[in-house]
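Engineer: Handing you a structure now.
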Amino acid sequence: MQPAEPVEFSRPVAVDRIASAPSRVEIAAEPAELAALAARFGLLSLDRFTASFTLRRLRKDLIRVRGQLAASLVQACVVTLDPVPAEIAEAFEVDFLEGHHRDEAELDLDLEAADAPEPLDGPEIDLGEVAAEQLGLAIDPYPRRPGAEIPAEWVAEPAPEPTPAEKVKPFAGLDKLRKGGDGS
């Protein structure tokens with residue numbers, strides 16, 4: 001969760017300052033950050049983006065981050081490209097595990113299981129990037145303006161039903177080879 005390149009919305013918190021008693025952090029994106037995040041997510045605009053977090057150390061090497069994000073944004077309609085305003089309010093929870101590197105062999109693709117803790121290599125958790133990633137997950141991938149319809153000339157006609165041809169013989173080619181190549 002810690003990208004190598006600079007992020008558009010960075011709010012690092014030192015891991016060694018996170019205690020077992022819950023602590024709260026509030027963040028809000030500035031205008032330049034809003035514009036950069038809008039470009040990152042392909043939005044027409046991102047007018048407001050805030051997040052609040054509760055940080056708590058569950059054990060020596062495990063940190064839980066619970067958060068709420070709120071955003072006002074405008075996307076392009078997938079049919080008409082008209083602006084589609086949206087309000088997002090999402091709750092999320094992410095666990096971070098210090099000193100553990102996730103190995104590709106460890107990946108378990110159980111969709112019903114809880115998310116595994118994110119590995120934490122450095123001395124900080126970037127709450128801005130955590131919030132930005134959660135925003136990316138919450139954005140509607142196919143925004144559609146109410147009443148937007150695909151024009152009739154864009155709709156493909158259904159393919160005609162295949163006519164029953166002579167019975168397909170999947171091994172007919174092998175039969176020709178066996179009988180001398182000409183099929184007789």
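In the structure tokens, chains take letters A, B, ... by order of appearance, with residues numbered from 1 within each chain and ligands from 1 in the order shown.
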Could you give me the residues within chain A that DSSP places in helix (DSSP H, G or I), as a short mmCIF file (atom, residue, chain, number, x, y, z; two decimals) with C-alpha atoms, in the first residue's frame?
Structural biologist:
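Output file result25.cif follows:
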```
data_model
loop_
_atom_site.label_atom_id
_atom_site.label_comp_id
_atom_site.auth_asym_id
_atom_site.auth_seq_id
_atom_site.Cartn_x
_atom_site.Cartn_y
_atom_site.Cartn_z
CA VAL A 15 3.66 3.97 13.16
CA ASP A 16 5.49 4.31 16.49
CA ARG A 17 2.93 6.94 17.60
CA PRO A 31 -7.54 22.15 -4.42
CA ALA A 32 -4.30 20.98 -6.13
CA GLU A 33 -4.70 17.52 -4.57
CA LEU A 34 -8.33 17.36 -5.70
CA ALA A 35 -7.27 18.12 -9.28
CA ALA A 36 -4.48 15.50 -9.18
CA LEU A 37 -6.81 12.84 -7.75
CA ALA A 38 -9.44 13.67 -10.39
CA ALA A 39 -6.82 13.09 -13.09
CA ARG A 40 -5.68 9.84 -11.44
CA PHE A 41 -9.21 8.40 -11.40
CA GLU A 104 3.21 -14.41 -4.03
CA ALA A 105 3.04 -18.04 -2.84
CA GLU A 106 1.02 -16.87 0.19
CA LEU A 127 -3.52 7.84 5.40
CA GLY A 128 -3.97 10.02 2.31
CA GLU A 129 -3.08 7.12 0.03
CA VAL A 130 -5.26 4.73 2.07
CA ALA A 131 -8.20 7.12 1.57
CA ALA A 132 -7.41 7.58 -2.14
CA GLU A 133 -7.34 3.83 -2.72
CA GLN A 134 -10.69 3.44 -0.96
CA LEU A 135 -12.11 6.27 -3.08
CA GLY A 136 -10.93 4.47 -6.22
CA LEU A 137 -12.82 1.36 -5.09
CA ALA A 138 -15.99 3.34 -4.33
CA ALA A 152 -30.80 2.37 -31.69
CA GLU A 153 -28.25 2.61 -34.51
CA TRP A 154 -25.51 1.54 -32.06
CA ALA A 172 -13.33 -36.79 -40.25
CA GLY A 173 -9.82 -35.50 -40.93
CA LEU A 174 -8.27 -38.44 -39.11
CA ASP A 175 -10.46 -40.85 -41.03
CA LYS A 176 -9.08 -39.44 -44.31
CA LEU A 177 -5.51 -39.94 -43.12
CA ARG A 178 -6.22 -43.50 -42.04
#
```
Engineer: Could you name the residues that touch region 55-70 of chain A at 6 Å or less, counting only C-alpha atoms, but leaving out those on the same chain fewer than 2 positions away, as a list in words?
Structural biologist: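 Residues meeting the cut-off are Ala19, Ser20, Pro22, Ser23, Phe49, Thr50, Ala51, Ser52, Phe53, Ile88, Ala89, Glu90, Ala91, Phe92, Glu93, Val94, Asp95, Phe96, Leu97 and Glu98 of chain A.
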Engineer: May I ask for the distance between CA of Pro143 (chain A) and CA of Ala71 (chain A), given in Å to one decimal place?
Structural biologist: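 Between CA of Pro143 (chain A) and CA of Ala71 (chain A) the gap works out to 15.4 Å.
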Engineer: Could you pull the residues within 12 Å of Tyr142 (chain A), counting only C-alpha atoms, minus those fewer than 3 positions along the same chain, as number ranges by chain?
Structural biologist: A: 42-43, 75-81, 84, 138-139, 145
Engineer: So how far away is CA of Leu73 (chain A) from CA of Ile27 (chain A), in Å?
Structural biologist: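 A separation of 17.2 Å between them.
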Engineer: Can you list, as a PyMOL selection string, all residues belonging to region 2-177 of chain A that DSSP tags as strand (DSSP E or B)?
Structural biologist: chain A and resi 12-14+23-28+45-59+62-76+83-98+118-120+124-126
Engineer: Which residue, A:Ala86, A:Ala21, A:Ala28, A:Glu8, has the smallest gap to Leu44 (chain A) when you use only C-alpha atoms?
Structural biologist: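 So, comparing all the options, the nearest one is A:Ala86.
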Engineer: Separation of CA of Asp126 (chain A) and CA of Glu30 (chain A), in Å?
Structural biologist: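 The value is 16.1 Å.
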